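The data block below is start-v3.pdb; it holds PDB, C-alpha atoms.
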ATOM      1  CA  MET K   1       0.000   0.000   0.000
ATOM      2  CA  LEU K   2       1.238   3.513  -0.850
ATOM      3  CA  GLN K   3       2.572   5.256   2.264
ATOM      4  CA  PHE K   4       2.925   9.037   2.616
ATOM      5  CA  ASP K   5       2.264  11.823   5.139
ATOM      6  CA  ARG K   6      -1.245  13.338   5.271
ATOM      7  CA  HIS K   7      -0.437  16.986   6.062
ATOM      8  CA  ARG K   8      -3.798  18.121   4.710
ATOM      9  CA  ARG K   9      -5.598  16.577   7.680
ATOM     10  CA  LEU K  10      -4.766  19.750   9.603
ATOM     11  CA  ARG K  11      -6.154  22.018   6.847
ATOM     12  CA  THR K  12      -9.631  20.594   6.415
ATOM     13  CA  SER K  13     -11.632  23.541   7.847
ATOM     14  CA  THR K  14     -11.252  27.066   9.115
ATOM     15  CA  ALA K  15     -11.646  25.848  12.692
ATOM     16  CA  MET K  16      -8.952  23.202  12.200
ATOM     17  CA  ARG K  17      -6.550  25.694  10.620
ATOM     18  CA  ASP K  18      -7.165  28.127  13.480
ATOM     19  CA  LEU K  19      -6.524  25.353  15.992
ATOM     20  CA  VAL K  20      -3.031  24.549  14.695
ATOM     21  CA  ARG K  21      -1.943  28.063  13.662
ATOM     22  CA  GLU K  22       1.590  28.667  14.876
ATOM     23  CA  THR K  23       1.902  32.454  14.568
ATOM     24  CA  HIS K  24      -0.690  34.950  15.770
ATOM     25  CA  LEU K  25      -1.135  38.674  15.179
ATOM     26  CA  ASN K  26      -2.803  40.572  18.024
ATOM     27  CA  LYS K  27      -3.702  44.185  18.717
ATOM     28  CA  ASP K  28      -1.175  44.213  21.537
ATOM     29  CA  ASP K  29       1.562  43.656  18.936
ATOM     30  CA  LEU K  30       0.792  46.903  17.094
ATOM     31  CA  ILE K  31       2.332  50.356  17.508
ATOM     32  CA  MET K  32       0.783  53.201  15.500
ATOM     33  CA  PRO K  33       2.982  56.086  14.290
ATOM     34  CA  VAL K  34       1.549  59.573  14.815
ATOM     35  CA  PHE K  35       2.810  62.848  13.297
ATOM     36  CA  VAL K  36       2.275  66.177  15.051
ATOM     37  CA  ASP K  37       3.043  69.321  13.040
ATOM     38  CA  ALA K  38       3.470  72.826  14.436
ATOM     39  CA  THR K  39       3.137  74.422  10.980
ATOM     40  CA  ILE K  40      -0.440  73.388  10.103
ATOM     41  CA  ASN K  41      -4.019  73.744  11.291
ATOM     42  CA  GLY K  42      -6.215  70.667  11.563
ATOM     43  CA  ARG K  43      -4.884  67.690   9.670
ATOM     44  CA  GLU K  44      -3.151  67.230   6.322
ATOM     45  CA  GLU K  45      -2.893  63.950   4.432
ATOM     46  CA  ILE K  46       0.605  62.868   3.432
ATOM     47  CA  PRO K  47       0.455  62.530  -0.375
ATOM     48  CA  SER K  48       2.772  59.502  -0.581
ATOM     49  CA  MET K  49       1.030  57.750   2.330
ATOM     50  CA  PRO K  50      -2.730  57.608   1.620
ATOM     51  CA  GLY K  51      -4.758  57.526   4.827
ATOM     52  CA  ILE K  52      -1.909  58.845   7.012
ATOM     53  CA  TYR K  53      -2.036  62.433   8.251
ATOM     54  CA  ARG K  54      -0.028  65.083  10.021
ATOM     55  CA  TYR K  55      -1.995  66.642  12.890
ATOM     56  CA  SER K  56      -1.854  70.026  14.539
ATOM     57  CA  LEU K  57      -1.775  70.138  18.312
ATOM     58  CA  ASP K  58      -5.460  71.062  18.494
ATOM     59  CA  SER K  59      -6.528  68.125  16.303
ATOM     60  CA  ILE K  60      -4.253  65.322  17.450
ATOM     61  CA  LEU K  61      -6.623  64.071  20.148
ATOM     62  CA  ASP K  62      -9.115  63.101  17.430
ATOM     63  CA  GLU K  63      -6.544  60.639  16.090
ATOM     64  CA  ILE K  64      -5.548  59.417  19.538
ATOM     65  CA  THR K  65      -9.178  58.840  20.506
ATOM     66  CA  GLU K  66      -9.710  56.675  17.430
ATOM     67  CA  ILE K  67      -6.523  54.713  18.137
ATOM     68  CA  VAL K  68      -7.575  54.029  21.727
ATOM     69  CA  LYS K  69     -11.119  53.034  20.745
ATOM     70  CA  LEU K  70      -9.663  50.484  18.319
ATOM     71  CA  GLY K  71      -7.812  48.821  21.195
ATOM     72  CA  ILE K  72      -4.294  49.859  20.147
ATOM     73  CA  LYS K  73      -2.265  50.407  23.297
ATOM     74  CA  SER K  74       0.910  52.027  21.955
ATOM     75  CA  ILE K  75       1.889  54.884  19.666
ATOM     76  CA  ILE K  76       5.205  56.322  18.508
ATOM     77  CA  ILE K  77       5.205  60.076  17.994
ATOM     78  CA  PHE K  78       7.160  62.187  15.485
ATOM     79  CA  GLY K  79       7.199  65.972  15.265
ATOM     80  CA  VAL K  80       7.564  68.745  12.708
ATOM     81  CA  PRO K  81       8.627  71.996  14.420
ATOM     82  CA  GLU K  82       7.737  75.554  13.531
ATOM     83  CA  ARG K  83      11.386  76.435  12.997
ATOM     84  CA  LYS K  84      14.679  74.612  12.472
ATOM     85  CA  ASP K  85      18.283  75.443  13.310
ATOM     86  CA  GLU K  86      21.746  73.899  13.166
ATOM     87  CA  VAL K  87      21.457  72.112  16.519
ATOM     88  CA  GLY K  88      17.798  71.030  16.359
ATOM     89  CA  THR K  89      16.602  73.152  19.277
ATOM     90  CA  GLY K  90      12.984  72.193  18.609
ATOM     91  CA  ALA K  91      13.789  68.584  19.470
ATOM     92  CA  TRP K  92      14.736  69.231  23.068
ATOM     93  CA  GLU K  93      13.109  72.481  24.223
ATOM     94  CA  ASP K  94      10.474  71.991  26.926
ATOM     95  CA  ASN K  95       7.805  73.637  24.787
ATOM     96  CA  GLY K  96       8.674  71.703  21.623
ATOM     97  CA  ILE K  97       5.830  70.379  19.527
ATOM     98  CA  VAL K  98       6.414  66.755  20.568
ATOM     99  CA  GLN K  99       6.707  67.679  24.233
ATOM    100  CA  GLN K 100       3.419  69.589  24.062
ATOM    101  CA  ALA K 101       1.733  66.700  22.282
ATOM    102  CA  ILE K 102       2.982  64.143  24.796
ATOM    103  CA  ARG K 103       1.674  66.174  27.729
ATOM    104  CA  LEU K 104      -1.707  66.557  26.032
ATOM    105  CA  ILE K 105      -1.987  62.870  25.151
ATOM    106  CA  LYS K 106      -0.921  61.594  28.568
ATOM    107  CA  LYS K 107      -3.318  64.004  30.309
ATOM    108  CA  ASN K 108      -6.246  62.606  28.355
ATOM    109  CA  TYR K 109      -5.110  58.986  27.909
ATOM    110  CA  PRO K 110      -2.719  58.183  30.758
ATOM    111  CA  ASP K 111      -2.763  54.430  30.064
ATOM    112  CA  LEU K 112      -1.695  54.751  26.422
ATOM    113  CA  ILE K 113       1.973  53.878  25.940
ATOM    114  CA  VAL K 114       3.634  56.872  24.280
ATOM    115  CA  ILE K 115       6.957  56.158  22.599
ATOM    116  CA  ALA K 116       9.021  59.196  21.625
ATOM    117  CA  ASP K 117      11.214  59.016  18.551
ATOM    118  CA  THR K 118      14.511  60.600  19.574
ATOM    119  CA  CYS K 119      16.320  62.116  16.616
ATOM    120  CA  LEU K 120      17.317  65.515  15.241
ATOM    121  CA  CYS K 121      16.596  65.174  11.513
ATOM    122  CA  GLU K 122      13.139  66.783  11.656
ATOM    123  CA  TYR K 123      14.546  69.681  13.694
ATOM    124  CA  THR K 124      17.908  70.542  12.131
ATOM    125  CA  SER K 125      18.183  72.996   9.247
ATOM    126  CA  THR K 126      20.607  70.524   7.638
ATOM    127  CA  GLY K 127      18.117  67.625   7.741
ATOM    128  CA  HIS K 128      20.676  65.305   9.326
ATOM    129  CA  CYS K 129      20.218  63.146  12.421
ATOM    130  CA  GLY K 130      23.189  64.755  14.139
ATOM    131  CA  ILE K 131      25.200  67.960  14.158
ATOM    132  CA  LEU K 132      26.812  68.788  10.809
ATOM    133  CA  LYS K 133      30.178  70.561  10.664
ATOM    134  CA  ASP K 134      32.408  71.001   7.608
ATOM    135  CA  GLY K 135      30.344  68.450   5.683
ATOM    136  CA  VAL K 136      30.631  65.758   8.377
ATOM    137  CA  VAL K 137      27.935  64.565  10.797
ATOM    138  CA  LEU K 138      29.676  64.661  14.165
ATOM    139  CA  ASN K 139      29.087  61.639  16.350
ATOM    140  CA  ASP K 140      30.139  62.589  19.876
ATOM    141  CA  GLU K 141      28.996  66.208  19.582
ATOM    142  CA  SER K 142      25.534  64.985  18.577
ATOM    143  CA  LEU K 143      25.129  62.741  21.636
ATOM    144  CA  LYS K 144      24.651  65.602  24.087
ATOM    145  CA  TYR K 145      21.774  67.038  22.048
ATOM    146  CA  LEU K 146      20.167  63.635  21.633
ATOM    147  CA  THR K 147      20.422  63.082  25.381
ATOM    148  CA  LYS K 148      18.833  66.475  26.061
ATOM    149  CA  THR K 149      16.032  65.508  23.678
ATOM    150  CA  ALA K 150      15.405  62.192  25.430
ATOM    151  CA  VAL K 151      15.322  63.785  28.882
ATOM    152  CA  SER K 152      12.898  66.489  27.730
ATOM    153  CA  GLN K 153      10.606  63.876  26.167
ATOM    154  CA  VAL K 154      10.472  61.796  29.334
ATOM    155  CA  LYS K 155       9.961  64.920  31.430
ATOM    156  CA  ALA K 156       6.923  65.635  29.228
ATOM    157  CA  GLY K 157       5.542  62.157  29.958
ATOM    158  CA  ALA K 158       6.950  59.768  27.336
ATOM    159  CA  ASP K 159       6.873  56.159  28.529
ATOM    160  CA  ILE K 160       9.612  54.851  26.207
ATOM    161  CA  ILE K 161      12.487  56.563  24.397
ATOM    162  CA  ALA K 162      13.194  55.298  20.869
ATOM    163  CA  PRO K 163      16.448  56.763  19.525
ATOM    164  CA  SER K 164      16.557  56.521  15.709
ATOM    165  CA  ASN K 165      19.610  58.668  15.017
ATOM    166  CA  ALA K 166      22.157  55.868  14.338
ATOM    167  CA  MET K 167      25.025  57.604  16.137
ATOM    168  CA  ASP K 168      27.544  55.326  17.867
ATOM    169  CA  GLY K 169      27.061  55.277  21.632
ATOM    170  CA  TYR K 170      23.595  56.850  21.662
ATOM    171  CA  VAL K 171      22.137  54.178  23.952
ATOM    172  CA  ALA K 172      24.927  54.624  26.507
ATOM    173  CA  ALA K 173      24.659  58.423  26.390
ATOM    174  CA  ILE K 174      20.860  58.474  26.695
ATOM    175  CA  ARG K 175      20.831  55.832  29.424
ATOM    176  CA  GLN K 176      23.310  57.855  31.460
ATOM    177  CA  GLY K 177      21.379  61.071  30.851
ATOM    178  CA  LEU K 178      18.044  59.545  31.853
ATOM    179  CA  ASP K 179      19.520  57.950  34.973
ATOM    180  CA  GLU K 180      21.161  61.196  36.073
ATOM    181  CA  ALA K 181      17.872  63.052  35.543
ATOM    182  CA  GLY K 182      16.044  60.578  37.789
ATOM    183  CA  TYR K 183      14.436  58.456  35.060
ATOM    184  CA  LYS K 184      16.104  55.129  35.778
ATOM    185  CA  ASN K 185      12.919  53.196  35.016
ATOM    186  CA  THR K 186      12.336  54.627  31.528
ATOM    187  CA  PRO K 187      13.104  51.983  28.881
ATOM    188  CA  ILE K 188      15.039  52.597  25.670
ATOM    189  CA  MET K 189      13.737  51.093  22.426
ATOM    190  CA  SER K 190      16.879  51.124  20.322
ATOM    191  CA  TYR K 191      16.761  51.384  16.526
ATOM    192  CA  ALA K 192      19.660  48.966  16.762
ATOM    193  CA  VAL K 193      19.583  47.746  13.164
ATOM    194  CA  LYS K 194      18.703  50.693  10.934
ATOM    195  CA  PHE K 195      19.645  50.330   7.302
ATOM    196  CA  ALA K 196      20.281  53.230   4.906
ATOM    197  CA  SER K 197      17.210  52.304   2.919
ATOM    198  CA  SER K 198      15.226  53.730   0.015
ATOM    199  CA  PHE K 199      12.086  52.399   1.731
ATOM    200  CA  TYR K 200      12.080  55.553   3.907
ATOM    201  CA  GLY K 201      11.136  57.919   1.072
ATOM    202  CA  PRO K 202       7.515  58.675   2.023
ATOM    203  CA  PHE K 203       8.455  59.202   5.686
ATOM    204  CA  ARG K 204      10.707  62.062   4.674
ATOM    205  CA  ASP K 205       7.670  63.698   3.081
ATOM    206  CA  ALA K 206       5.756  63.115   6.294
ATOM    207  CA  ALA K 207       8.365  64.460   8.697
ATOM    208  CA  ASP K 208      10.145  66.949   6.416
ATOM    209  CA  GLY K 209      13.458  65.341   7.313
ATOM    210  CA  SER K 210      15.440  64.912   4.097
ATOM    211  CA  PRO K 211      19.129  65.955   4.155
ATOM    212  CA  LYS K 212      19.473  69.526   2.872
ATOM    213  CA  GLU K 213      23.150  70.243   3.496
ATOM    214  CA  GLY K 214      26.305  68.158   3.586
ATOM    215  CA  PRO K 215      25.969  64.490   2.572
ATOM    216  CA  LYS K 216      22.874  63.864   0.444
ATOM    217  CA  ASP K 217      22.153  60.593   2.224
ATOM    218  CA  ARG K 218      22.730  58.974   5.621
ATOM    219  CA  LYS K 219      25.085  56.201   4.579
ATOM    220  CA  THR K 220      27.873  57.393   6.872
ATOM    221  CA  TYR K 221      25.770  56.553   9.929
ATOM    222  CA  GLN K 222      22.994  54.166   8.856
ATOM    223  CA  MET K 223      23.891  50.587   7.885
ATOM    224  CA  ASP K 224      24.674  49.142   4.461
ATOM    225  CA  PRO K 225      21.678  46.960   3.460
ATOM    226  CA  ALA K 226      24.088  44.289   2.215
ATOM    227  CA  ASN K 227      25.488  43.584   5.699
ATOM    228  CA  ARG K 228      24.320  40.859   8.061
ATOM    229  CA  LEU K 229      27.074  40.433  10.638
ATOM    230  CA  GLU K 230      27.248  44.182  11.187
ATOM    231  CA  ALA K 231      23.624  44.032  12.332
ATOM    232  CA  LEU K 232      24.557  41.561  15.040
ATOM    233  CA  ARG K 233      27.437  43.776  16.156
ATOM    234  CA  GLU K 234      25.081  46.746  16.428
ATOM    235  CA  VAL K 235      22.622  44.735  18.527
ATOM    236  CA  ALA K 236      25.401  43.474  20.803
ATOM    237  CA  SER K 237      26.635  47.045  21.372
ATOM    238  CA  ASP K 238      23.202  48.400  22.180
ATOM    239  CA  GLU K 239      22.449  45.546  24.572
ATOM    240  CA  LYS K 240      25.734  46.187  26.375
ATOM    241  CA  GLU K 241      24.941  49.908  26.589
ATOM    242  CA  GLY K 242      21.546  49.302  28.210
ATOM    243  CA  ALA K 243      18.874  48.958  25.520
ATOM    244  CA  ASP K 244      15.583  47.436  26.690
ATOM    245  CA  PHE K 245      14.191  46.714  23.191
ATOM    246  CA  VAL K 246      15.980  46.336  19.860
ATOM    247  CA  MET K 247      14.551  47.077  16.432
ATOM    248  CA  VAL K 248      15.084  46.047  12.815
ATOM    249  CA  LYS K 249      14.194  48.720  10.255
ATOM    250  CA  PRO K 250      12.960  48.312   7.518
ATOM    251  CA  ALA K 251      11.133  45.006   7.909
ATOM    252  CA  MET K 252       9.879  43.362   4.717
ATOM    253  CA  ALA K 253      13.193  43.179   2.846
ATOM    254  CA  PHE K 254      15.118  42.306   6.020
ATOM    255  CA  LEU K 255      13.251  39.349   7.507
ATOM    256  CA  ASP K 256      16.447  37.293   7.414
ATOM    257  CA  ILE K 257      18.115  39.899   9.621
ATOM    258  CA  MET K 258      15.130  39.844  11.961
ATOM    259  CA  ARG K 259      15.481  36.101  12.397
ATOM    260  CA  GLU K 260      19.243  36.439  12.971
ATOM    261  CA  VAL K 261      18.663  39.098  15.622
ATOM    262  CA  ARG K 262      15.924  36.995  17.261
ATOM    263  CA  ASN K 263      18.379  34.107  17.497
ATOM    264  CA  HIS K 264      20.976  36.301  19.200
ATOM    265  CA  THR K 265      18.972  38.366  21.695
ATOM    266  CA  LEU K 266      16.563  37.786  24.550
ATOM    267  CA  LEU K 267      15.303  41.368  24.446
ATOM    268  CA  PRO K 268      11.902  42.248  22.964
ATOM    269  CA  LEU K 269      12.337  42.620  19.205
ATOM    270  CA  VAL K 270      10.536  45.346  17.249
ATOM    271  CA  ALA K 271       9.921  45.378  13.489
ATOM    272  CA  TYR K 272       9.374  48.734  11.782
ATOM    273  CA  ASN K 273       7.047  48.241   8.800
ATOM    274  CA  VAL K 274       8.187  51.480   7.165
ATOM    275  CA  SER K 275       6.559  54.106   4.972
ATOM    276  CA  GLY K 276       7.782  52.752   1.629
ATOM    277  CA  GLU K 277       6.402  49.319   2.439
ATOM    278  CA  TYR K 278       3.074  50.923   3.329
ATOM    279  CA  ALA K 279       3.019  53.070   0.182
ATOM    280  CA  MET K 280       3.759  50.157  -2.158
ATOM    281  CA  ILE K 281       0.913  48.071  -0.805
ATOM    282  CA  LYS K 282      -1.491  51.021  -0.869
ATOM    283  CA  ALA K 283      -0.565  51.861  -4.463
ATOM    284  CA  ALA K 284      -0.940  48.282  -5.688
ATOM    285  CA  ALA K 285      -4.259  47.920  -3.878
ATOM    286  CA  ALA K 286      -5.546  51.203  -5.325
ATOM    287  CA  ASN K 287      -4.869  49.793  -8.792
ATOM    288  CA  GLY K 288      -6.732  46.603  -7.985
ATOM    289  CA  TRP K 289      -3.622  44.468  -8.390
ATOM    290  CA  ILE K 290      -3.671  42.912  -4.902
ATOM    291  CA  ASN K 291      -6.044  42.227  -2.016
ATOM    292  CA  GLU K 292      -4.840  44.805   0.503
ATOM    293  CA  ASP K 293      -6.200  43.154   3.659
ATOM    294  CA  GLN K 294      -4.704  39.773   2.819
ATOM    295  CA  ILE K 295      -1.332  41.199   1.766
ATOM    296  CA  VAL K 296      -1.078  43.313   4.928
ATOM    297  CA  TYR K 297      -1.946  40.322   7.106
ATOM    298  CA  GLU K 298       0.598  38.068   5.385
ATOM    299  CA  SER K 299       3.289  40.750   5.623
ATOM    300  CA  LEU K 300       2.791  41.401   9.341
ATOM    301  CA  VAL K 301       2.492  37.704  10.188
ATOM    302  CA  GLY K 302       5.746  37.205   8.289
ATOM    303  CA  MET K 303       7.413  39.703  10.611
ATOM    304  CA  LYS K 304       6.032  37.900  13.649
ATOM    305  CA  ARG K 305       7.133  34.543  12.210
ATOM    306  CA  ALA K 306      10.634  35.967  11.646
ATOM    307  CA  GLY K 307      10.800  36.737  15.362
ATOM    308  CA  ALA K 308       9.288  40.175  15.959
ATOM    309  CA  ASP K 309       7.416  40.675  19.214
ATOM    310  CA  LEU K 310       6.076  44.117  18.281
ATOM    311  CA  ILE K 311       5.416  45.861  14.963
ATOM    312  CA  ILE K 312       5.426  49.580  14.291
ATOM    313  CA  THR K 313       3.131  49.895  11.291
ATOM    314  CA  TYR K 314       1.039  52.512   9.506
ATOM    315  CA  PHE K 315      -1.488  49.721   8.982
ATOM    316  CA  ALA K 316      -2.100  49.440  12.732
ATOM    317  CA  LYS K 317      -5.575  51.004  12.683
ATOM    318  CA  ASP K 318      -6.648  49.033   9.599
ATOM    319  CA  VAL K 319      -5.450  45.777  11.128
ATOM    320  CA  ALA K 320      -7.049  46.530  14.507
ATOM    321  CA  LYS K 321     -10.405  46.993  12.788
ATOM    322  CA  LYS K 322     -10.090  43.549  11.152
ATOM    323  CA  LEU K 323      -8.874  41.816  14.297
TER
END
Rewrite the structure of this file - the entire thing - as structure tokens.
Amino acid sequence: MLQFDRHRRLRTSTAMRDLVRETHLNKDDLIMPVFVDATINGREEIPSMPGIYRYSLDSILDEITEIVKLGIKSIIIFGVPERKDEVGTGAWEDNGIVQQAIRLIKKNYPDLIVIADTCLCEYTSTGHCGILKDGVVLNDESLKYLTKTAVSQVKAGADIIAPSNAMDGYVAAIRQGLDEAGYKNTPIMSYAVKFASSFYGPFRDAADGSPKEGPKDRKTYQMDPANRLEALREVASDEKEGADFVMVKPAMAFLDIMREVRNHTLLPLVAYNVSGEYAMIKAAAANGWINEDQIVYESLVGMKRAGADLIITYFAKDVAKKL
């Protein structure tokens, strides 16, 4: 008699497939990005990111209310200041747009986890993530401003600091700064593995953070997408310096890196499903080429399957509605 394995026995019905499903996507896994803009009134849609908006301070609670009602428990906040300068003052002043937004959100929704992106690119006149001098982004000089930014964000009420600047030593500098300011219990969500990727294009429209002076890209501080072992070195450094979470960004083209990082760390692992990934799916769906809901689900489950515990995604609200 012919002998072979009957794998299809576990696929015979929806209930059976649900019973043996290995990877699950839950609302608790999702982190929704939110943009607050000091230069606008109301809300403005980001042209390259259909369905995603920048909000003024007096309209942002409308977005937060919807997020909370959908059962999403975490957001990450980005800001666009009214003015920019060479040292990114708007990033770390007490009355900065992000600091005002955090205070407003935490006053109205104290249980919502507010993650503050800690970088200078939206706030510097140069558009770089650190301080630019003579055509070079200075590493050590930038750390003091990034630390000031982190402390001001936590002082405003941020629950987690997420430094995205890709400077060497930023976790150590921010950890020391937070501890000295009395915030020993504030976790750091490190953008440990951040590639110099073309998938970030729409985000730079959203946050007005493209390089304007000096190097035209960020390849001197963000990682080469071709490198795998370097990612593991970055994670090891950030763990040693005191990171509480580590991140892989972007996600879809770097699932192999995500799995490598998962195999080498016990820290919570975050995937950033970035703006270009969002825009591609939205564009294909708008043309009727793909089923958006199914593609989004498969993509996010793939990130979970690769080892992610949490996913920052612009699809968070859409997915929460389906779940």
Can you turn the PyMOL selection byres ((chain K and resi 293) around 12) into a concrete residue list for this file, as an NGL selection string? :K and (281-282 or 284-285 or 290-292 or 294-300 or 315-323)
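Closest approach to Leu70 (chain K) among K:Met32, K:Ala243, K:Leu178, K:Val137: K:Met32, based on only C-alpha atoms.
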Hits from the PyMOL selection byres ((chain K and resi 73-85) around 7), listed as a ChimeraX atom specification: /K:28,31-39,68,71-72,86-90,97-98,112-117,122-125,207
Please produce a file of those selected residues containing C-alpha atoms, as a PDB file, in the coordinates of the input.
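Output (out26.pdb):
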ATOM      1  CA  ASP K  28      -1.175  44.213  21.537  1.00  0.00           C
ATOM      2  CA  ILE K  31       2.332  50.356  17.508  1.00  0.00           C
ATOM      3  CA  MET K  32       0.783  53.201  15.500  1.00  0.00           C
ATOM      4  CA  PRO K  33       2.982  56.086  14.290  1.00  0.00           C
ATOM      5  CA  VAL K  34       1.549  59.573  14.815  1.00  0.00           C
ATOM      6  CA  PHE K  35       2.810  62.848  13.297  1.00  0.00           C
ATOM      7  CA  VAL K  36       2.275  66.177  15.051  1.00  0.00           C
ATOM      8  CA  ASP K  37       3.043  69.321  13.040  1.00  0.00           C
ATOM      9  CA  ALA K  38       3.470  72.826  14.436  1.00  0.00           C
ATOM     10  CA  THR K  39       3.137  74.422  10.980  1.00  0.00           C
ATOM     11  CA  VAL K  68      -7.575  54.029  21.727  1.00  0.00           C
ATOM     12  CA  GLY K  71      -7.812  48.821  21.195  1.00  0.00           C
ATOM     13  CA  ILE K  72      -4.294  49.859  20.147  1.00  0.00           C
ATOM     14  CA  GLU K  86      21.746  73.899  13.166  1.00  0.00           C
ATOM     15  CA  VAL K  87      21.457  72.112  16.519  1.00  0.00           C
ATOM     16  CA  GLY K  88      17.798  71.030  16.359  1.00  0.00           C
ATOM     17  CA  THR K  89      16.602  73.152  19.277  1.00  0.00           C
ATOM     18  CA  GLY K  90      12.984  72.193  18.609  1.00  0.00           C
ATOM     19  CA  ILE K  97       5.830  70.379  19.527  1.00  0.00           C
ATOM     20  CA  VAL K  98       6.414  66.755  20.568  1.00  0.00           C
ATOM     21  CA  LEU K 112      -1.695  54.751  26.422  1.00  0.00           C
ATOM     22  CA  ILE K 113       1.973  53.878  25.940  1.00  0.00           C
ATOM     23  CA  VAL K 114       3.634  56.872  24.280  1.00  0.00           C
ATOM     24  CA  ILE K 115       6.957  56.158  22.599  1.00  0.00           C
ATOM     25  CA  ALA K 116       9.021  59.196  21.625  1.00  0.00           C
ATOM     26  CA  ASP K 117      11.214  59.016  18.551  1.00  0.00           C
ATOM     27  CA  GLU K 122      13.139  66.783  11.656  1.00  0.00           C
ATOM     28  CA  TYR K 123      14.546  69.681  13.694  1.00  0.00           C
ATOM     29  CA  THR K 124      17.908  70.542  12.131  1.00  0.00           C
ATOM     30  CA  SER K 125      18.183  72.996   9.247  1.00  0.00           C
ATOM     31  CA  ALA K 207       8.365  64.460   8.697  1.00  0.00           C
TER      32      ALA K 207
END
Give me the residues near Ile174 (chain K) as an NGL selection string, where near means some atom within 12 Å (using all atoms listed in the file) and where sequence neighbours in that chain fewer than 6 positions away do not count. :K and (118-119 or 142-154 or 160-165 or 167-168 or 180-181 or 183-184 or 186-190 or 238 or 241-243)
On this file, the PyMOL selection byres ((chain K and resi 44) around 10) gives some set of residues; write that set as a list of chain:residue names.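 Against this file, the PyMOL selection byres ((chain K and resi 44) around 10) returns the residues K:Asp37, K:Ile40, K:Asn41, K:Gly42, K:Arg43, K:Glu45, K:Ile46, K:Pro47, K:Gly51, K:Ile52, K:Tyr53, K:Arg54, K:Tyr55, K:Ser56, K:Ala206.
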Between K:Lys240, K:Arg204, K:His7, K:Arg305, which one has atoms that come closest to Arg175 (chain K), using only C-alpha atoms?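 Using only C-alpha atoms, Arg175 (chain K) sits closest to K:Lys240.
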Taking 5 positions as the minimum chain separation for residues in the same chain, which residues sit within 12 Å of Glu230 (chain K) when counting only C-alpha atoms? Answer as a PyMOL selection string. chain K and resi 192-195+222-225+235-237+257+260-261
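The residue that comes closest to Thr313 (chain K), out of K:Ala196, K:Leu267, K:Leu30, K:Leu19 and on the basis of all atoms listed in the file, is K:Leu30.
Proximity of K:Arg21, K:Lys249, K:Arg11, K:His128 to Tyr200 (chain K), computed with all atoms listed in the file, is greatest for K:Lys249.
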May I ask for the distance between CA of Ala226 (chain K) and CA of Met247 (chain K), given in Å to one decimal place?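 Separating CA of Ala226 (chain K) from CA of Met247 (chain K) is a distance of 17.3 Å.
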For Ile311 (chain K), which of K:Met252, K:Thr265, K:Ala15, K:Gln100 is the closest residue, counting all atoms listed in the file?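 When distances to Ile311 (chain K) are compared using all atoms listed in the file, the smallest one comes from K:Met252.
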Taking all listed atoms of region 285-301 of chain K, build the axis-aligned box, pad each of the six sides by 3 Å, then write its centre and edge lengths in Å to one decimal as lines of an AutoDock Vina configuration file.
center_x = -1.7
center_y = 44.5
center_z = 0.7
size_x = 16.0
size_y = 19.5
size_z = 25.0
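Shell of Val301 (chain K) at 10 Å, with only C-alpha atoms counted and residues fewer than 5 places along the chain excluded, is Thr23, His24, Leu25, Asn26, Ile295, Val296, Ala306, Gly307, Ala308 and Ile311 of chain K.
Atom to atom, CA of Gln99 (chain K) and CA of Ser275 (chain K) stand 23.6 Å apart.
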With only C-alpha atoms as the basis for distance, which of K:Asn95, K:Ser210, K:Ala101, K:Ala173 is at the shortest distance from Thr126 (chain K)?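 Counting only C-alpha atoms, the residue closest to Thr126 (chain K) is K:Ser210.
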How many Å lie between CA of Leu138 (chain K) and CA of Ala251 (chain K), rounded to one decimal?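 Going from CA of Leu138 (chain K) over to CA of Ala251 (chain K), I get 27.7 Å.
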Pull N, CA, C and O atoms for region 315-320 of chain K from the block and write them as a CSV table (one decimal), in the first residue's frame.
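So the final result, stored in result_32.csv, reads:
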chain,number,residue,atom,x,y,z
K,315,PHE,N,-0.3,50.5,9.2
K,315,PHE,CA,-1.5,49.7,9.0
K,315,PHE,C,-2.2,49.4,10.3
K,315,PHE,O,-3.1,48.6,10.3
K,316,ALA,N,-1.6,49.9,11.4
K,316,ALA,CA,-2.1,49.4,12.7
K,316,ALA,C,-3.6,49.6,12.9
K,316,ALA,O,-4.3,48.7,13.4
K,317,LYS,N,-4.1,50.8,12.5
K,317,LYS,CA,-5.6,51.0,12.7
K,317,LYS,C,-6.4,50.1,11.8
K,317,LYS,O,-7.4,49.5,12.2
K,318,ASP,N,-5.9,49.9,10.5
K,318,ASP,CA,-6.6,49.0,9.6
K,318,ASP,C,-6.7,47.6,10.1
K,318,ASP,O,-7.7,46.9,10.1
K,319,VAL,N,-5.5,47.1,10.6
K,319,VAL,CA,-5.4,45.8,11.1
K,319,VAL,C,-6.3,45.6,12.4
K,319,VAL,O,-7.0,44.6,12.6
K,320,ALA,N,-6.3,46.6,13.3
K,320,ALA,CA,-7.0,46.5,14.5
K,320,ALA,C,-8.5,46.4,14.2
K,320,ALA,O,-9.3,45.7,14.9
